[in-house]
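Report on the structure given below.
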Amino acid sequence: MFRLMRRAFASRLALSVVAFSALASPVLAAGKTITAVMHSDLRVLDPIFTSAYISRDHGYMVYDTLIATDSNFKIQPQMADWTISDDKLTYTFTLRDGLKWHDGTPVTAEDCVASLKRWAAVDGMGQQMMLFTASIEATDPRTITLKLKEPYALVLESIGKPSSRVAFMMPKRLAETPVEKQIPEQIGSGPFKFVQAEFQPGVKSIYVKNTDYVPRKEPASWTAGGKVVKVDRVEWITMPDAQTALNALQSGDIDFMEVPAIEMLPAIEADKDLKIEILNKFGFQTGARMNFLHPPFDNVKIRRAAFLAVKQKDVLDALIGNPKYYKTCAAAFICDTPFATEVGGETLAKGGDIAAARKALAESGYDGTPVVLMAPGDVLTLKAQPIVVAQQLRDAGFKVDMQATDWQTVVSRRASMKPPKEGGWNMFITNWVSADASNPISNVAVGGQGKKGGWFGWPEDARIEQLKDAFVRAASLDEQKKIATEIQKEAYDQVLYMPLGQYLSPSAWRKSLTGVLDGPATPVFWNIDKTE
C-alpha cells in the first residue's frame with residue numbers, strides 16, 4: 001500500500017474515578033506494568049468485525065500477521081516468508097518454526113487460510129485482491145499457497161498493510177466465524193495475551209506478556225521486525241476526561257497518554273518528566289460518512305447540498321485549534337501524496353459555499369427529514385466534528401438530530417442497516433490514519449460495493465468499482481494518477497464521503513518509558529521498556 005503513496009463532564013469524571021480505582025487495584029501483577037490511556041475505550045474485540053482503530057490496536061497486542069511493513073515502506077516476513085513464481089501467479093508463504101496459539105496449539109496453514117479469507121471478505125484491499133485470486137489453500141501444515149487468475153501487484157501490500165483492517169491471523173475455529181458476527185474468544189499468536197477475566201468495558205483492558213512468543217531477530221520497525229516484549233503487563237485504562245488523564249500522567253499514575261489535547265502541549269513540554277512526540281507522522285484525515293439506504297441521504301442532490309455546506313477550517317479549528325497541527329485539504333487521497341488533487345473538491349479548497357448549499361437543498365426536494373448524526377463525546381479527536389458539522393448543515397437548511405453517545409456505540413450502531421427511527425443512523429464522523437486513505441484501494445470510503453461487502457453507509461457505484469479495477473491494472477504511476485483523479489471526481493460527485501481536513505496528533509509519555517516506536521499503526525507496546 002505504501003508504495004502507492006510514498007462523549008457530560010460528570011459522567012466522564014465518574015468514569016475517571018473508576019479508572020483510578022482500577023489503577024489502585026490489588027490485582028496488579030508483580031513486575032513491570034505499563035499503564036496507558038488510549039484514544040478510545042475498547043468494547044469491540046474483533047479487529048476484523050470492525051475497522052475501529054482501538055480494535056486494530058487490540059489486534060496488534062493479541063494477534064500477529066504473516067508479513068508486515070517496515071519504516072522503509074518495505075514488506076518484510078513476520079510469521080512467514082514467501083516466494084513468488086516467475087509468472088507472478090503463485091505466492092507461496094511458509095510459516096516459521098515454533099509458532100503457537102495462546103492456547104498452546106500449533107499455528108497451521110489451514111488457520112492462516114481461514115484468517116485470510118475472513119479478512120479479505122470485508123477489507124477493501126483484500127476484496128480487490130480476491131477479484132484476482134483463483135485459490136488460497138493450505139498445501140501442507142506450514143505452507144499457504146495463493147494462486148492468481150492474472151498478475152496482481154498488490155498482493156504483499158494488501159496482506160502486509162499496517163492499518164485497519166489488518167490481516168491478523170487467528171485459529172481456524174475463530175476465523176470461520178461469519179464476518180457479521182464477532183469472534184467468541186481472543187486467542188492469537190501475538191506478543192501479548194488478553195486477560196479476559198479482568199476485562200471491564202468502560203474501565204480497563206489488560207494484557208500480559210506471552211512468554212511463549214518467539215520474536216524475529218530483526219530490529220523492530222513499524223509493524224515489522226522483532227516484537228520483543230520488555231514488560232510483564234500492559235493496562236489500558238479508560239479515562240475520557242483529558243485533563244484528568246494529564247494529571248494522572250504528570251503524577252505518575254499512568255505512563256502513556258495517546259491523545260492529549262493540543263492546548264495541553266505547553267504544560268507537557270514544560271514537565272521535565274514527560275516526553276511528547278508525533279508517532280504517526282503521516283497524520284490523520286477526518287471525514288463524514290452518510291447512510292445511502294435511508295432518507296434524506298438516499299438522494300444525491302441532498303448529499304451534494306451537504307457537501308457544499310462543509311467548511312473544513314471551522315471543523316479543524318474546533319478539533320485542533322493550532323494550525324501547526326492541521327491543514328485544510330480537498331484531496332480524498334491525502335495532500336502531498338502522488339494522488340493528491342482538488343478535482344471535484346473545489347468548494348472544500350475554497351472553504352465551503354453556504355449560499356450554494358442553501359440553493360441546492362431548496363432545489364433537491366428535501367422534505368425536512370431530520371439528519372440523525374451520531375455524536376461521540378468520549379473520544380477527544382471525535383467530539384468537535386459533529387457539533388460543527390451539525391451547525392453547518394443547519395445553516396444550509398437541514399434539520400439535524402444530533403444524538404449524544406460514546407464512540408463504541410457508534411462503532412456498533414453504524415453497522416446497522418435499519419432506518420434511523422429503528423436504531424439506525426444518517427451520518428457519523430470518523431478519522432482515518434492518512435496511510436489508510438492514501439490511495440483508491442485502501443481508502444474504504446470510496447468503495448461502491450453497496451450492501452455486499454461495502455463499508456458502513458453502503459453506496460452502490462458501479463463506475464467507482466470499474467475505475468478501481470482499472471487503477472490496479474494501470475501500467476504506470478502517471479496512469480494511476482489519472483484514474484485516481486477520476487475516482488475522486490466520481491466520489492465527490494456522488495458524495496461517497498466528505499473529507500473534513502487533515503491533522504497531526506502528538507502522544508505523551510513519562511520518560512521512564514524507552515523504546516516507544518513510531519509508525520502509522522501506533523501505539524504498539526512491544527519494544528517499550530520501563531524503569532521503575
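How things are named: the first chain in the C-alpha cells is A, the next is B, and so on; residues count from 1 in each chain; ligands count from 1 in the order shown.
Every protein or nucleic acid residue with an atom no more than 12 Å from Ile84 (chain A), counting only C-alpha atoms and leaving out same-chain residues fewer than 4 positions away, appears here: Lys88, Leu89, Thr90, Tyr91, Thr92, Phe93, Thr94, Thr145, Leu146, Lys147, Leu148, Pro151, Tyr152, Ala153, Val155 and Leu156 of chain A.
The set of residues in region 149-201 of chain A assigned to strand (DSSP E) by DSSP, using only backbone atoms of this structure, is A:Phe168, A:Met169, A:Phe192, A:Lys193, A:Phe194.
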Selection from above, all heavy atoms, as an mmCIF file, in the first residue's frame, can you write it?
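This went into result_13.cif:
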data_model
loop_
_atom_site.group_PDB
_atom_site.id
_atom_site.type_symbol
_atom_site.label_atom_id
_atom_site.label_comp_id
_atom_site.auth_asym_id
_atom_site.auth_seq_id
_atom_site.Cartn_x
_atom_site.Cartn_y
_atom_site.Cartn_z
ATOM 1 N N PHE A 168 -4.907 -10.026 10.394
ATOM 2 C CA PHE A 168 -4.456 -10.740 11.585
ATOM 3 C C PHE A 168 -4.775 -12.223 11.459
ATOM 4 O O PHE A 168 -5.846 -12.607 10.989
ATOM 5 C CB PHE A 168 -5.135 -10.191 12.844
ATOM 6 C CG PHE A 168 -4.701 -8.806 13.231
ATOM 7 C CD1 PHE A 168 -5.617 -7.764 13.312
ATOM 8 C CD2 PHE A 168 -3.372 -8.544 13.533
ATOM 9 C CE1 PHE A 168 -5.221 -6.495 13.682
ATOM 10 C CE2 PHE A 168 -2.958 -7.265 13.904
ATOM 11 C CZ PHE A 168 -3.891 -6.243 13.977
ATOM 12 N N MET A 169 -3.833 -13.045 11.914
ATOM 13 C CA MET A 169 -4.027 -14.496 11.891
ATOM 14 C C MET A 169 -4.637 -14.976 13.202
ATOM 15 O O MET A 169 -4.236 -14.520 14.287
ATOM 16 C CB MET A 169 -2.693 -15.205 11.657
ATOM 17 C CG MET A 169 -2.032 -14.866 10.323
ATOM 18 S SD MET A 169 -2.991 -15.423 8.882
ATOM 19 C CE MET A 169 -3.670 -13.855 8.310
ATOM 20 N N PHE A 192 1.353 -10.485 23.172
ATOM 21 C CA PHE A 192 0.633 -10.340 24.429
ATOM 22 C C PHE A 192 -0.583 -11.265 24.437
ATOM 23 O O PHE A 192 -1.125 -11.608 23.387
ATOM 24 C CB PHE A 192 0.143 -8.902 24.640
ATOM 25 C CG PHE A 192 1.238 -7.903 24.836
ATOM 26 C CD1 PHE A 192 1.804 -7.241 23.750
ATOM 27 C CD2 PHE A 192 1.704 -7.595 26.113
ATOM 28 C CE1 PHE A 192 2.806 -6.309 23.922
ATOM 29 C CE2 PHE A 192 2.712 -6.665 26.302
ATOM 30 C CZ PHE A 192 3.273 -6.014 25.201
ATOM 31 N N LYS A 193 -1.027 -11.627 25.653
ATOM 32 C CA LYS A 193 -2.272 -12.356 25.841
ATOM 33 C C LYS A 193 -3.295 -11.435 26.477
ATOM 34 O O LYS A 193 -2.974 -10.664 27.388
ATOM 35 C CB LYS A 193 -2.062 -13.583 26.741
ATOM 36 C CG LYS A 193 -1.177 -14.667 26.141
ATOM 37 C CD LYS A 193 -1.061 -15.854 27.088
ATOM 38 C CE LYS A 193 -0.242 -16.979 26.488
ATOM 39 N NZ LYS A 193 -0.176 -18.156 27.395
ATOM 40 N N PHE A 194 -4.524 -11.514 25.989
ATOM 41 C CA PHE A 194 -5.619 -10.726 26.548
ATOM 42 C C PHE A 194 -6.155 -11.415 27.778
ATOM 43 O O PHE A 194 -6.421 -12.625 27.761
ATOM 44 C CB PHE A 194 -6.725 -10.587 25.510
ATOM 45 C CG PHE A 194 -7.897 -9.743 25.948
ATOM 46 C CD1 PHE A 194 -7.733 -8.399 26.216
ATOM 47 C CD2 PHE A 194 -9.160 -10.302 26.064
ATOM 48 C CE1 PHE A 194 -8.821 -7.611 26.597
ATOM 49 C CE2 PHE A 194 -10.249 -9.530 26.447
ATOM 50 C CZ PHE A 194 -10.081 -8.181 26.718
#
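Atom pair CA of Ile187 (chain A) / CA of His102 (chain A) has a distance of 5.6 Å (rounded to one decimal).
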Within 8 Å of region 378-395 of chain A: each region 227-326 of chain A residue with its shortest pair, only C-alpha atoms, as JSON lines:
{"residue": "A:Pro240", "atom": "CA", "partner": "A:Asp378", "partner_atom": "CA", "distance": 5.3}
{"residue": "A:Asp241", "atom": "CA", "partner": "A:Asp378", "partner_atom": "CA", "distance": 7.7}
{"residue": "A:Ala242", "atom": "CA", "partner": "A:Leu380", "partner_atom": "CA", "distance": 7.5}
{"residue": "A:Val259", "atom": "CA", "partner": "A:Leu380", "partner_atom": "CA", "distance": 7.3}
{"residue": "A:Ala261", "atom": "CA", "partner": "A:Leu380", "partner_atom": "CA", "distance": 7.2}
{"residue": "A:Ala306", "atom": "CA", "partner": "A:Leu393", "partner_atom": "CA", "distance": 6.3}
{"residue": "A:Ala309", "atom": "CA", "partner": "A:Gln392", "partner_atom": "CA", "distance": 5.9}
{"residue": "A:Val310", "atom": "CA", "partner": "A:Gln392", "partner_atom": "CA", "distance": 6.5}
{"residue": "A:Lys311", "atom": "CA", "partner": "A:Gln392", "partner_atom": "CA", "distance": 7.7}
{"residue": "A:Asp314", "atom": "CA", "partner": "A:Val388", "partner_atom": "CA", "distance": 7.0}
{"residue": "A:Val315", "atom": "CA", "partner": "A:Gln385", "partner_atom": "CA", "distance": 5.7}
{"residue": "A:Leu316", "atom": "CA", "partner": "A:Gln385", "partner_atom": "CA", "distance": 8.0}
{"residue": "A:Ala318", "atom": "CA", "partner": "A:Ala384", "partner_atom": "CA", "distance": 5.8}
{"residue": "A:Leu319", "atom": "CA", "partner": "A:Ala384", "partner_atom": "CA", "distance": 5.3}
Could you list, as a ChimeraX atom specification, every residue within 9 Å of Gly321 (chain A), counting only C-alpha atoms and ignoring same-chain residues fewer than 5 positions away? /A:262-263,316,326
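One distance worth recording is that between CA of Ser115 (chain A) and CA of Ala175 (chain A), which is 5.0 Å.
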List as a list in words the protein and nucleic acid residues near Glu185 (chain A), meaning an atom at most 10 Å away when only C-alpha atoms are counted, but skip any in the same chain fewer than 3 places from it. Leu45, Asp46, Leu174, Gln182, Gly188, Phe194 and Gln196 of chain A
Residues of the last selection are to be written out with all heavy atoms, as a compact mmCIF listing (two decimals), in the first residue's frame.
# COMPACT_ATOMS: atom_id res chain seq x y z
N LEU A 45 -13.92 -6.40 20.36
CA LEU A 45 -12.63 -7.09 20.45
C LEU A 45 -12.21 -7.78 19.16
O LEU A 45 -11.10 -8.31 19.09
CB LEU A 45 -12.69 -8.13 21.58
CG LEU A 45 -13.01 -7.60 22.98
CD1 LEU A 45 -13.09 -8.75 23.98
CD2 LEU A 45 -11.99 -6.58 23.43
N ASP A 46 -13.07 -7.78 18.19
CA ASP A 46 -12.77 -8.46 16.93
C ASP A 46 -12.24 -7.45 15.91
O ASP A 46 -13.00 -6.62 15.39
CB ASP A 46 -14.04 -9.13 16.41
CG ASP A 46 -13.82 -9.99 15.17
OD1 ASP A 46 -12.78 -9.82 14.52
OD2 ASP A 46 -14.71 -10.81 14.86
N LEU A 174 -11.90 -19.88 14.99
CA LEU A 174 -12.33 -18.50 15.18
C LEU A 174 -12.48 -17.80 13.84
O LEU A 174 -13.42 -17.03 13.63
CB LEU A 174 -11.34 -17.75 16.07
CG LEU A 174 -11.14 -18.30 17.48
CD1 LEU A 174 -10.14 -17.45 18.24
CD2 LEU A 174 -12.47 -18.36 18.23
N GLN A 182 -19.06 -11.36 15.80
CA GLN A 182 -17.74 -11.23 16.41
C GLN A 182 -17.22 -12.59 16.86
O GLN A 182 -17.98 -13.47 17.27
CB GLN A 182 -17.80 -10.28 17.61
CG GLN A 182 -18.12 -8.85 17.26
CD GLN A 182 -17.90 -7.91 18.42
OE1 GLN A 182 -16.84 -7.91 19.07
NE2 GLN A 182 -18.90 -7.09 18.71
N GLY A 188 -4.83 -15.56 20.02
CA GLY A 188 -3.94 -15.25 18.92
C GLY A 188 -2.60 -15.92 19.09
O GLY A 188 -2.45 -16.84 19.90
N PHE A 194 -4.52 -11.51 25.99
CA PHE A 194 -5.62 -10.73 26.55
C PHE A 194 -6.16 -11.42 27.78
O PHE A 194 -6.42 -12.62 27.76
CB PHE A 194 -6.73 -10.59 25.51
CG PHE A 194 -7.90 -9.74 25.95
CD1 PHE A 194 -7.73 -8.40 26.22
CD2 PHE A 194 -9.16 -10.30 26.06
CE1 PHE A 194 -8.82 -7.61 26.60
CE2 PHE A 194 -10.25 -9.53 26.45
CZ PHE A 194 -10.08 -8.18 26.72
N GLN A 196 -9.05 -11.97 29.69
CA GLN A 196 -10.50 -11.83 29.62
C GLN A 196 -11.13 -11.67 31.00
O GLN A 196 -12.09 -10.91 31.18
CB GLN A 196 -11.10 -13.07 28.92
CG GLN A 196 -12.60 -13.02 28.70
CD GLN A 196 -13.01 -12.03 27.63
OE1 GLN A 196 -12.50 -12.06 26.51
NE2 GLN A 196 -13.95 -11.14 27.96
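Nearest to Met402 (chain A) of all the residues A:Ile268, A:Ile48, A:Leu513, A:Met427 is A:Met427, counting only C-alpha atoms.
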Set the distance at 10 Å and use only C-alpha atoms: which residues neighbour region 222-230 of chain A once local chain neighbours fewer than 3 positions away are removed? I'd like the list as number ranges by chain. A: 32-33, 60, 64-65, 67-78, 160-163, 190-192, 208-211, 213-219, 233, 515, 517-530
Using only C-alpha atoms, which residues sit within 8 Å of region 341-347 of chain A once same-chain residues fewer than 2 positions away are excluded, as a tab-separated table (two decimals) with N, CA and C atoms, in the first residue's frame?
chain	number	residue	atom	x	y	z
A	308	LEU	N	-21.61	20.88	-0.08
A	308	LEU	CA	-21.34	22.30	-0.29
A	308	LEU	C	-21.27	23.08	1.02
A	330	ALA	N	-8.43	19.33	0.07
A	330	ALA	CA	-9.51	18.88	-0.79
A	330	ALA	C	-9.24	17.52	-1.40
A	331	ALA	N	-8.10	16.94	-1.09
A	331	ALA	CA	-7.72	15.67	-1.71
A	331	ALA	C	-8.28	14.49	-0.94
A	332	ALA	N	-9.05	13.65	-1.63
A	332	ALA	CA	-9.58	12.44	-0.99
A	332	ALA	C	-8.46	11.52	-0.55
A	335	CYS	N	-3.34	15.11	0.99
A	335	CYS	CA	-2.47	16.11	0.37
A	335	CYS	C	-1.01	15.69	0.44
A	339	PHE	N	-1.30	10.98	-5.32
A	339	PHE	CA	-2.67	11.01	-5.83
A	339	PHE	C	-3.46	12.21	-5.35
A	349	ALA	N	-11.73	23.22	-1.11
A	349	ALA	CA	-10.49	24.00	-1.19
A	349	ALA	C	-10.71	25.47	-0.86
A	350	LYS	N	-11.87	26.01	-1.25
A	350	LYS	CA	-12.10	27.45	-1.01
A	350	LYS	C	-12.84	27.73	0.29
A	351	GLY	N	-13.20	26.68	1.03
A	351	GLY	CA	-13.77	26.88	2.36
A	351	GLY	C	-15.28	26.79	2.41
A	352	GLY	N	-15.87	26.01	1.51
A	352	GLY	CA	-17.32	25.80	1.52
A	352	GLY	C	-18.07	26.90	0.78
A	353	ASP	N	-19.34	26.66	0.56
A	353	ASP	CA	-20.20	27.64	-0.13
A	353	ASP	C	-21.60	27.50	0.42
A	485	THR	N	-7.69	10.48	-10.06
A	485	THR	CA	-8.41	11.74	-10.20
A	485	THR	C	-9.86	11.50	-10.63
A	488	GLN	N	-11.75	10.20	-7.62
A	488	GLN	CA	-12.09	11.27	-6.69
A	488	GLN	C	-13.26	12.10	-7.22
A	489	LYS	N	-13.23	12.41	-8.53
A	489	LYS	CA	-14.32	13.20	-9.10
A	489	LYS	C	-15.65	12.49	-8.95
A	490	GLU	N	-15.68	11.19	-9.21
A	490	GLU	CA	-16.91	10.40	-9.05
A	490	GLU	C	-17.32	10.32	-7.59
A	492	TYR	N	-16.75	12.45	-5.18
A	492	TYR	CA	-17.28	13.74	-4.73
A	492	TYR	C	-18.60	14.07	-5.42
A	493	ASP	N	-18.73	13.69	-6.69
A	493	ASP	CA	-19.98	13.94	-7.41
A	493	ASP	C	-21.14	13.18	-6.77
Atom-to-atom span, CA of Val371 (chain A) and CA of Asp317 (chain A), Å: 23.4 Å
Would you please give, as a ChimeraX atom specification, all residues of region 57-267 of chain A that DSSP assigns to helix (DSSP H, G or I) based on the backbone? /A:57-62,109-120,124-131,155-159,172-175,196-198,242-251,262-267
Can you tell me, as a ChimeraX atom specification, what residues are no more than 12 Å from Gln127 (chain A) when counting only C-alpha atoms, ignoring any on the same chain fewer than 4 positions away? /A:116-123,131-133,154-155,158-159,165,167,441-442,444,447-449,452-455,465,468-469
